[in-house]
file protein.cif (mmCIF, C-alpha atoms)
data_run
#
loop_
_atom_site.group_PDB
_atom_site.id
_atom_site.type_symbol
_atom_site.label_atom_id
_atom_site.label_comp_id
_atom_site.auth_asym_id
_atom_site.auth_seq_id
_atom_site.Cartn_x
_atom_site.Cartn_y
_atom_site.Cartn_z
ATOM 1 C CA MET A 1 23.281 1.175 -9.218
ATOM 2 C CA THR A 2 26.572 -0.103 -7.845
ATOM 3 C CA PHE A 3 27.292 -0.713 -4.171
ATOM 4 C CA ALA A 4 29.524 2.371 -4.152
ATOM 5 C CA GLU A 5 26.700 4.489 -5.587
ATOM 6 C CA ALA A 6 24.262 3.093 -3.027
ATOM 7 C CA ASP A 7 26.698 3.800 -0.202
ATOM 8 C CA ALA A 8 27.063 7.380 -1.445
ATOM 9 C CA ILE A 9 23.353 8.113 -0.910
ATOM 10 C CA PRO A 10 23.070 10.263 2.208
ATOM 11 C CA GLU A 11 21.010 9.224 5.242
ATOM 12 C CA TYR A 12 18.695 12.165 4.556
ATOM 13 C CA ILE A 13 18.440 15.459 2.744
ATOM 14 C CA GLN A 14 16.524 18.540 3.759
ATOM 15 C CA ILE A 15 14.262 20.166 1.204
ATOM 16 C CA ASN A 16 13.687 23.850 1.932
ATOM 17 C CA GLN A 17 11.267 24.613 -0.884
ATOM 18 C CA PRO A 18 8.828 22.577 -2.973
ATOM 19 C CA GLN A 19 10.501 20.354 -5.577
ATOM 20 C CA ILE A 20 9.226 18.624 -8.699
ATOM 21 C CA PHE A 21 10.364 15.116 -9.668
ATOM 22 C CA LYS A 22 9.565 13.979 -13.215
ATOM 23 C CA GLN A 23 10.019 10.593 -14.831
ATOM 24 C CA ASN A 24 8.123 9.919 -18.057
ATOM 25 C CA ASN A 25 4.427 10.490 -17.189
ATOM 26 C CA ILE A 26 5.015 10.706 -13.434
ATOM 27 C CA THR A 27 5.203 14.138 -11.849
ATOM 28 C CA LEU A 28 5.674 14.295 -8.090
ATOM 29 C CA ASN A 29 5.301 17.532 -6.139
ATOM 30 C CA ILE A 30 7.589 17.068 -3.142
ATOM 31 C CA ASP A 31 6.861 19.301 -0.180
ATOM 32 C CA PRO A 32 9.570 20.868 1.995
ATOM 33 C CA GLY A 33 10.854 18.631 4.765
ATOM 34 C CA TYR A 34 13.235 15.710 4.923
ATOM 35 C CA LEU A 35 13.695 12.826 2.521
ATOM 36 C CA VAL A 36 15.379 9.845 4.144
ATOM 37 C CA ARG A 37 17.604 7.316 2.430
ATOM 38 C CA ASP A 38 14.860 4.821 1.505
ATOM 39 C CA GLU A 39 12.892 7.628 -0.158
ATOM 40 C CA LEU A 40 15.972 8.783 -2.051
ATOM 41 C CA VAL A 41 16.596 5.203 -3.182
ATOM 42 C CA LEU A 42 12.957 4.940 -4.309
ATOM 43 C CA LEU A 43 13.270 8.107 -6.400
ATOM 44 C CA ARG A 44 16.481 6.765 -7.924
ATOM 45 C CA LEU A 45 14.796 3.431 -8.639
ATOM 46 C CA ILE A 46 11.905 5.196 -10.375
ATOM 47 C CA LYS A 47 14.369 7.276 -12.402
ATOM 48 C CA ASP A 48 16.621 4.337 -13.353
ATOM 49 C CA ALA A 49 14.232 1.401 -13.795
ATOM 50 C CA PHE A 50 10.626 2.503 -14.165
ATOM 51 C CA PRO A 51 8.559 1.611 -16.187
ATOM 52 C CA GLU A 52 10.804 -1.139 -17.578
ATOM 53 C CA ARG A 53 10.668 -2.874 -14.204
ATOM 54 C CA PRO A 54 7.594 -2.866 -11.962
ATOM 55 C CA ILE A 55 7.848 -1.169 -8.585
ATOM 56 C CA TYR A 56 5.740 -2.253 -5.613
ATOM 57 C CA LEU A 57 5.528 -0.609 -2.189
ATOM 58 C CA SER A 58 3.981 -1.969 0.963
ATOM 59 C CA THR A 59 0.645 -0.372 1.762
ATOM 60 C CA GLY A 60 1.439 2.639 3.893
ATOM 61 C CA GLY A 61 4.984 2.788 2.502
ATOM 62 C CA GLY A 62 6.537 5.786 0.835
ATOM 63 C CA GLY A 63 7.140 7.947 3.912
ATOM 64 C CA HIS A 64 7.312 11.665 3.115
ATOM 65 C CA LEU A 65 6.704 10.795 -0.549
ATOM 66 C CA SER A 66 3.454 8.915 0.079
ATOM 67 C CA THR A 67 1.226 11.934 -0.589
ATOM 68 C CA ALA A 68 3.054 12.779 -3.806
ATOM 69 C CA LEU A 69 3.050 9.143 -4.970
ATOM 70 C CA GLN A 70 -0.581 8.344 -4.074
ATOM 71 C CA PRO A 71 -2.161 9.269 -7.431
ATOM 72 C CA TYR A 72 0.194 6.759 -9.112
ATOM 73 C CA LEU A 73 -0.191 3.863 -6.642
ATOM 74 C CA LEU A 74 -2.667 1.066 -7.374
ATOM 75 C CA SER A 75 -3.412 -0.971 -4.246
ATOM 76 C CA GLN A 76 -3.436 -4.729 -4.835
ATOM 77 C CA GLY A 77 -3.946 -6.549 -1.564
ATOM 78 C CA PHE A 78 -0.998 -5.769 0.715
ATOM 79 C CA VAL A 79 1.015 -3.869 -1.874
ATOM 80 C CA GLN A 80 0.734 -0.798 -4.022
ATOM 81 C CA LYS A 81 1.919 -0.990 -7.614
ATOM 82 C CA LEU A 82 3.408 2.130 -9.164
ATOM 83 C CA VAL A 83 1.724 2.947 -12.478
ATOM 84 C CA ASP A 84 2.703 5.547 -15.060
ATOM 85 C CA HIS A 85 -0.483 7.627 -14.891
ATOM 86 C CA PRO A 86 -2.746 9.084 -12.215
ATOM 87 C CA ILE A 87 -5.450 6.567 -11.311
ATOM 88 C CA SER A 88 -9.049 7.596 -11.863
ATOM 89 C CA ASP A 89 -11.755 6.834 -9.310
ATOM 90 C CA THR A 90 -13.814 4.230 -11.189
ATOM 91 C CA ALA A 91 -15.833 1.123 -10.330
ATOM 92 C CA GLU A 92 -12.745 -0.987 -11.114
ATOM 93 C CA THR A 93 -10.313 1.285 -9.245
ATOM 94 C CA PRO A 94 -12.304 3.024 -6.499
ATOM 95 C CA HIS A 95 -10.635 5.483 -4.158
ATOM 96 C CA ILE A 96 -11.306 3.871 -0.750
ATOM 97 C CA LEU A 97 -9.831 4.923 2.611
ATOM 98 C CA GLY A 98 -7.047 6.860 0.901
ATOM 99 C CA LEU A 99 -6.102 4.060 -1.500
ATOM 100 C CA ASN A 100 -6.670 3.554 -5.222
ATOM 101 C CA LEU A 101 -7.913 -0.024 -5.050
ATOM 102 C CA ASP A 102 -7.532 -2.583 -7.817
ATOM 103 C CA LEU A 103 -10.849 -4.153 -6.833
ATOM 104 C CA GLU A 104 -10.650 -7.271 -9.006
ATOM 105 C CA ARG A 105 -7.063 -8.173 -8.017
ATOM 106 C CA THR A 106 -7.591 -7.459 -4.310
ATOM 107 C CA ASN A 107 -10.799 -9.506 -4.287
ATOM 108 C CA ALA A 108 -8.999 -12.424 -5.994
ATOM 109 C CA LEU A 109 -6.119 -12.251 -3.509
ATOM 110 C CA TRP A 110 -8.535 -12.094 -0.552
ATOM 111 C CA ASN A 111 -10.648 -15.029 -1.731
ATOM 112 C CA ASP A 112 -8.154 -17.281 -3.509
ATOM 113 C CA VAL A 113 -4.645 -16.571 -2.237
ATOM 114 C CA TYR A 114 -4.622 -15.280 1.341
ATOM 115 C CA GLY A 115 -5.065 -18.384 3.492
ATOM 116 C CA ALA A 116 -3.819 -16.899 6.740
ATOM 117 C CA PRO A 117 -7.100 -15.291 7.834
ATOM 118 C CA ALA A 118 -8.903 -18.641 7.841
ATOM 119 C CA ALA A 119 -6.006 -20.273 9.707
ATOM 120 C CA LEU A 120 -5.912 -17.451 12.268
ATOM 121 C CA ILE A 121 -9.653 -17.582 12.817
ATOM 122 C CA LYS A 122 -9.514 -21.376 13.174
ATOM 123 C CA GLU A 123 -6.628 -21.109 15.668
ATOM 124 C CA GLY A 124 -8.536 -18.367 17.480
ATOM 125 C CA ASP A 125 -5.520 -16.616 18.964
ATOM 126 C CA TRP A 126 -2.560 -14.538 17.823
ATOM 127 C CA ILE A 127 -0.024 -14.884 20.603
ATOM 128 C CA ASP A 128 2.933 -13.045 19.083
ATOM 129 C CA ARG A 129 2.320 -9.381 19.920
ATOM 130 C CA ALA A 130 5.632 -8.401 18.288
ATOM 131 C CA SER A 131 4.224 -9.372 14.877
ATOM 132 C CA PHE A 132 0.816 -7.800 15.512
ATOM 133 C CA GLY A 133 1.119 -5.924 12.203
ATOM 134 C CA ILE A 134 0.492 -9.109 10.231
ATOM 135 C CA PRO A 135 -3.117 -9.726 11.297
ATOM 136 C CA TYR A 136 -3.710 -5.968 11.303
ATOM 137 C CA THR A 137 -2.641 -5.816 7.641
ATOM 138 C CA TYR A 138 -5.094 -8.598 6.784
ATOM 139 C CA ALA A 139 -7.882 -6.839 8.679
ATOM 140 C CA PHE A 140 -7.131 -3.479 7.044
ATOM 141 C CA THR A 141 -7.007 -5.056 3.576
ATOM 142 C CA GLY A 142 -10.342 -6.765 4.213
ATOM 143 C CA ALA A 143 -11.917 -3.553 5.512
ATOM 144 C CA VAL A 144 -10.829 -1.663 2.380
ATOM 145 C CA LEU A 145 -12.154 -4.451 0.156
ATOM 146 C CA SER A 146 -15.437 -4.551 2.065
ATOM 147 C CA GLU A 147 -15.908 -0.788 1.648
ATOM 148 C CA ALA A 148 -15.233 -1.059 -2.091
ATOM 149 C CA LEU A 149 -17.696 -3.920 -2.496
ATOM 150 C CA LYS A 150 -20.310 -2.008 -0.503
ATOM 151 C CA ALA A 151 -19.790 1.102 -2.664
ATOM 152 C CA ARG A 152 -20.274 -1.065 -5.746
ATOM 153 C CA GLY A 153 -23.592 -2.340 -4.343
ATOM 154 C CA ASP A 154 -22.355 -5.840 -3.452
ATOM 155 C CA THR A 155 -23.576 -5.848 0.160
ATOM 156 C CA LYS A 156 -23.484 -9.649 0.399
ATOM 157 C CA GLY A 157 -19.831 -9.738 -0.685
ATOM 158 C CA ALA A 158 -19.002 -6.819 1.610
ATOM 159 C CA ASP A 159 -20.662 -8.551 4.578
ATOM 160 C CA THR A 160 -18.804 -11.810 3.864
ATOM 161 C CA VAL A 161 -15.471 -9.985 3.840
ATOM 162 C CA MET A 162 -16.309 -8.010 7.006
ATOM 163 C CA ASN A 163 -17.284 -11.200 8.823
ATOM 164 C CA ARG A 164 -13.801 -12.539 8.128
ATOM 165 C CA VAL A 165 -12.304 -9.205 9.239
ATOM 166 C CA ARG A 166 -14.261 -9.469 12.517
ATOM 167 C CA GLY A 167 -12.868 -12.973 12.997
ATOM 168 C CA ILE A 168 -9.314 -11.723 12.441
ATOM 169 C CA VAL A 169 -9.823 -8.788 14.804
ATOM 170 C CA LYS A 170 -11.223 -11.091 17.508
ATOM 171 C CA ALA A 171 -8.503 -13.743 17.158
ATOM 172 C CA ALA A 172 -5.703 -11.159 17.109
ATOM 173 C CA ARG A 173 -7.295 -9.105 19.904
ATOM 174 C CA ILE A 174 -7.113 -5.901 17.869
ATOM 175 C CA GLU A 175 -8.790 -3.302 20.016
ATOM 176 C CA GLY A 176 -10.575 -0.318 18.504
ATOM 177 C CA PHE A 177 -10.396 -1.530 14.898
ATOM 178 C CA PRO A 178 -12.640 0.786 12.843
ATOM 179 C CA GLY A 179 -15.981 -0.648 11.770
ATOM 180 C CA VAL A 180 -15.790 -3.727 13.990
#

call {"tool": "encode", "arguments": {"input": "protein.cif", "output": "C-alpha cells"}}
result
Amino acid sequence: MTFAEADAIPEYIQINQPQIFKQNNITLNIDPGYLVRDELVLLRLIKDAFPERPIYLSTGGGGHLSTALQPYLLSQGFVQKLVDHPISDTAETPHILGLNLDLERTNALWNDVYGAPAALIKEGDWIDRASFGIPYTYAFTGAVLSEALKARGDTKGADTVMNRVRGIVKAARIEGFPGV
C-alpha cells in the first residue's frame, strides 16, 4: 500500500447491514455499525499480506472487528496471532476468558521472557498511573495463564502464576482485579 492509498482510507465507514469478508480460509461476519480507519487498514492488511506475512494484534485489539476475528486469533502472551483457521478448544489451545490461548507459548513467555513482573514486585510500587495499563496487562496475562493451567489440572503451576499476579496487583495498586 502506498502513502497515497493509505491517505485515501476514510476515517470511518458506516455499515448498514451485515457484511462478509473473505480471505483464503478466513470468513468474517461483520455486524452493522461503524468501522474506523485502523479496522479498515487491518482488513486491507489481511487481504493484501496474509498469510504470507504474520499479523499480530494486541490483546483486546480489533475494535468492532474483535468478535468477528476472535475464532482466528491465537493469544500468545500480550499479543494475538491471526491464523488461517478457526481455533479449536483443546488442551493446547484452551478457550479461556474469551481468548484462544496458546498455552505452551504463553507459559514460556511468562516464565522465561517476561522479567518485568519480578522487577515490579521487587520494587513494590508502580508510581506512574498514566502507564497503569502495563502492569494490568501482565496481571491479566497471568490470570488467563493461571486459569488455563488450572483447567489442565496443573494446580501447582496455576497457584505459582497467581501468586505472581497477586504481587503485580499489590505493587501496582490495581483495585478490584478479578480473582485477587

call {"tool": "resolve_selection", "arguments": {"input": "protein.cif", "expression": "the PyMOL selection byres ((chain A and resi 179) around 10)", "output": "MDAnalysis selection string"}}
result
chainID A and resid 143 162 165:166 176:178 180

call {"tool": "residues_around", "arguments": {"input": "protein.cif", "residues": "segment 82-86 of chain A", "least_positions_apart": "2", "cutoff": "9 Å", "atoms": "all atoms listed in the file", "output": "NGL selection string"}}
result
:A and (23-26 or 50-51 or 54-57 or 69-75 or 80 or 88)

call {"tool": "residues_around", "arguments": {"input": "protein.cif", "residues": "segment 120-125 of chain A", "least_positions_apart": "3", "cutoff": "12 Å", "atoms": "all atoms listed in the file", "output": "MDAnalysis selection string"}}
result
chainID A and resid 114:117 128:129 132 134:136 138:139 163:174

call {"tool": "resolve_selection", "arguments": {"input": "protein.cif", "expression": "the PyMOL selection byres ((chain A and resi 147) around 12)", "output": "NGL selection string"}}
result
:A and (94-99 or 101 or 103 or 107 or 140-146 or 148-162 or 165 or 178-179)

call {"tool": "residues_around", "arguments": {"input": "protein.cif", "residues": "segment 13-21 of chain A", "least_positions_apart": "2", "cutoff": "8 Å", "atoms": "all atoms listed in the file", "output": "list in words"}}
result
Pro10, Glu11, Gln23, Ile26, Thr27, Leu28, Asn29, Ile30, Asp31, Pro32, Gly33, Tyr34, Leu35 and Val36 of chain A

call {"tool": "atom_distance", "arguments": {"input": "protein.cif", "atom1": "atom CA of Lys81 of chain A", "atom2": "atom CA of Lys22 of chain A"}}
result
17.7 Å

call {"tool": "atom_distance", "arguments": {"input": "protein.cif", "atom1": "atom CA of Phe78 of chain A", "atom2": "atom CA of Ser58 of chain A"}}
result
6.3 Å

call {"tool": "closest_residue", "arguments": {"input": "protein.cif", "among": "A:Glu52, A:Glu175, A:Glu39, A:Glu92", "to": "Ile9 of chain A", "atoms": "only C-alpha atoms"}}
result
A:Glu39

call {"tool": "closest_residue", "arguments": {"input": "protein.cif", "among": "A:Gln76, A:Thr137, A:Tyr12, A:Lys47", "to": "Glu104 of chain A", "atoms": "only C-alpha atoms"}}
result
A:Gln76

call {"tool": "atom_distance", "arguments": {"input": "protein.cif", "atom1": "atom CA of Asp48 of chain A", "atom2": "atom CA of Val79 of chain A"}}
result
21.0 Å

call {"tool": "build_atoms", "arguments": {"input": "protein.cif", "residues": "segment 8-26 of chain A", "atoms": "N, CA and C atoms", "output": "PDB file, in the coordinates of the input"}}
result
ATOM      1  N   ALA A   8      26.893   5.930  -1.367  1.00  0.00           N
ATOM      2  CA  ALA A   8      27.063   7.380  -1.445  1.00  0.00           C
ATOM      3  C   ALA A   8      25.761   8.142  -1.200  1.00  0.00           C
ATOM      4  N   ILE A   9      24.639   7.444  -1.169  1.00  0.00           N
ATOM      5  CA  ILE A   9      23.353   8.113  -0.910  1.00  0.00           C
ATOM      6  C   ILE A   9      23.321   8.530   0.555  1.00  0.00           C
ATOM      7  N   PRO A  10      23.053   9.805   0.804  1.00  0.00           N
ATOM      8  CA  PRO A  10      23.070  10.263   2.208  1.00  0.00           C
ATOM      9  C   PRO A  10      21.922   9.666   3.027  1.00  0.00           C
ATOM     10  N   GLU A  11      22.056   9.725   4.336  1.00  0.00           N
ATOM     11  CA  GLU A  11      21.010   9.224   5.242  1.00  0.00           C
ATOM     12  C   GLU A  11      19.722  10.028   5.080  1.00  0.00           C
ATOM     13  N   TYR A  12      19.855  11.306   4.793  1.00  0.00           N
ATOM     14  CA  TYR A  12      18.695  12.165   4.556  1.00  0.00           C
ATOM     15  C   TYR A  12      19.163  13.427   3.850  1.00  0.00           C
ATOM     16  N   ILE A  13      18.184  14.111   3.251  1.00  0.00           N
ATOM     17  CA  ILE A  13      18.440  15.459   2.744  1.00  0.00           C
ATOM     18  C   ILE A  13      17.277  16.334   3.199  1.00  0.00           C
ATOM     19  N   GLN A  14      17.570  17.593   3.390  1.00  0.00           N
ATOM     20  CA  GLN A  14      16.524  18.540   3.759  1.00  0.00           C
ATOM     21  C   GLN A  14      16.112  19.303   2.511  1.00  0.00           C
ATOM     22  N   ILE A  15      14.803  19.404   2.318  1.00  0.00           N
ATOM     23  CA  ILE A  15      14.262  20.166   1.204  1.00  0.00           C
ATOM     24  C   ILE A  15      13.638  21.421   1.789  1.00  0.00           C
ATOM     25  N   ASN A  16      14.137  22.582   1.365  1.00  0.00           N
ATOM     26  CA  ASN A  16      13.687  23.850   1.932  1.00  0.00           C
ATOM     27  C   ASN A  16      12.545  24.493   1.159  1.00  0.00           C
ATOM     28  N   GLN A  17      12.354  24.069  -0.075  1.00  0.00           N
ATOM     29  CA  GLN A  17      11.267  24.613  -0.884  1.00  0.00           C
ATOM     30  C   GLN A  17      10.681  23.488  -1.720  1.00  0.00           C
ATOM     31  N   PRO A  18       9.452  23.647  -2.188  1.00  0.00           N
ATOM     32  CA  PRO A  18       8.828  22.577  -2.973  1.00  0.00           C
ATOM     33  C   PRO A  18       9.706  22.183  -4.175  1.00  0.00           C
ATOM     34  N   GLN A  19       9.727  20.896  -4.465  1.00  0.00           N
ATOM     35  CA  GLN A  19      10.501  20.354  -5.577  1.00  0.00           C
ATOM     36  C   GLN A  19       9.576  19.553  -6.487  1.00  0.00           C
ATOM     37  N   ILE A  20       9.966  19.448  -7.752  1.00  0.00           N
ATOM     38  CA  ILE A  20       9.226  18.624  -8.699  1.00  0.00           C
ATOM     39  C   ILE A  20      10.150  17.528  -9.206  1.00  0.00           C
ATOM     40  N   PHE A  21       9.652  16.290  -9.141  1.00  0.00           N
ATOM     41  CA  PHE A  21      10.364  15.116  -9.668  1.00  0.00           C
ATOM     42  C   PHE A  21       9.569  14.622 -10.860  1.00  0.00           C
ATOM     43  N   LYS A  22      10.243  14.464 -12.007  1.00  0.00           N
ATOM     44  CA  LYS A  22       9.565  13.979 -13.215  1.00  0.00           C
ATOM     45  C   LYS A  22      10.298  12.754 -13.746  1.00  0.00           C
ATOM     46  N   GLN A  23       9.515  11.760 -14.127  1.00  0.00           N
ATOM     47  CA  GLN A  23      10.019  10.593 -14.831  1.00  0.00           C
ATOM     48  C   GLN A  23       8.914  10.128 -15.760  1.00  0.00           C
ATOM     49  N   ASN A  24       9.139  10.255 -17.057  1.00  0.00           N
ATOM     50  CA  ASN A  24       8.123   9.919 -18.057  1.00  0.00           C
ATOM     51  C   ASN A  24       6.812  10.632 -17.716  1.00  0.00           C
ATOM     52  N   ASN A  25       5.733   9.884 -17.474  1.00  0.00           N
ATOM     53  CA  ASN A  25       4.427  10.490 -17.189  1.00  0.00           C
ATOM     54  C   ASN A  25       4.198  10.797 -15.711  1.00  0.00           C
ATOM     55  N   ILE A  26       5.166  10.485 -14.881  1.00  0.00           N
ATOM     56  CA  ILE A  26       5.015  10.706 -13.434  1.00  0.00           C
ATOM     57  C   ILE A  26       5.579  12.074 -13.065  1.00  0.00           C
TER      58      ILE A  26
END
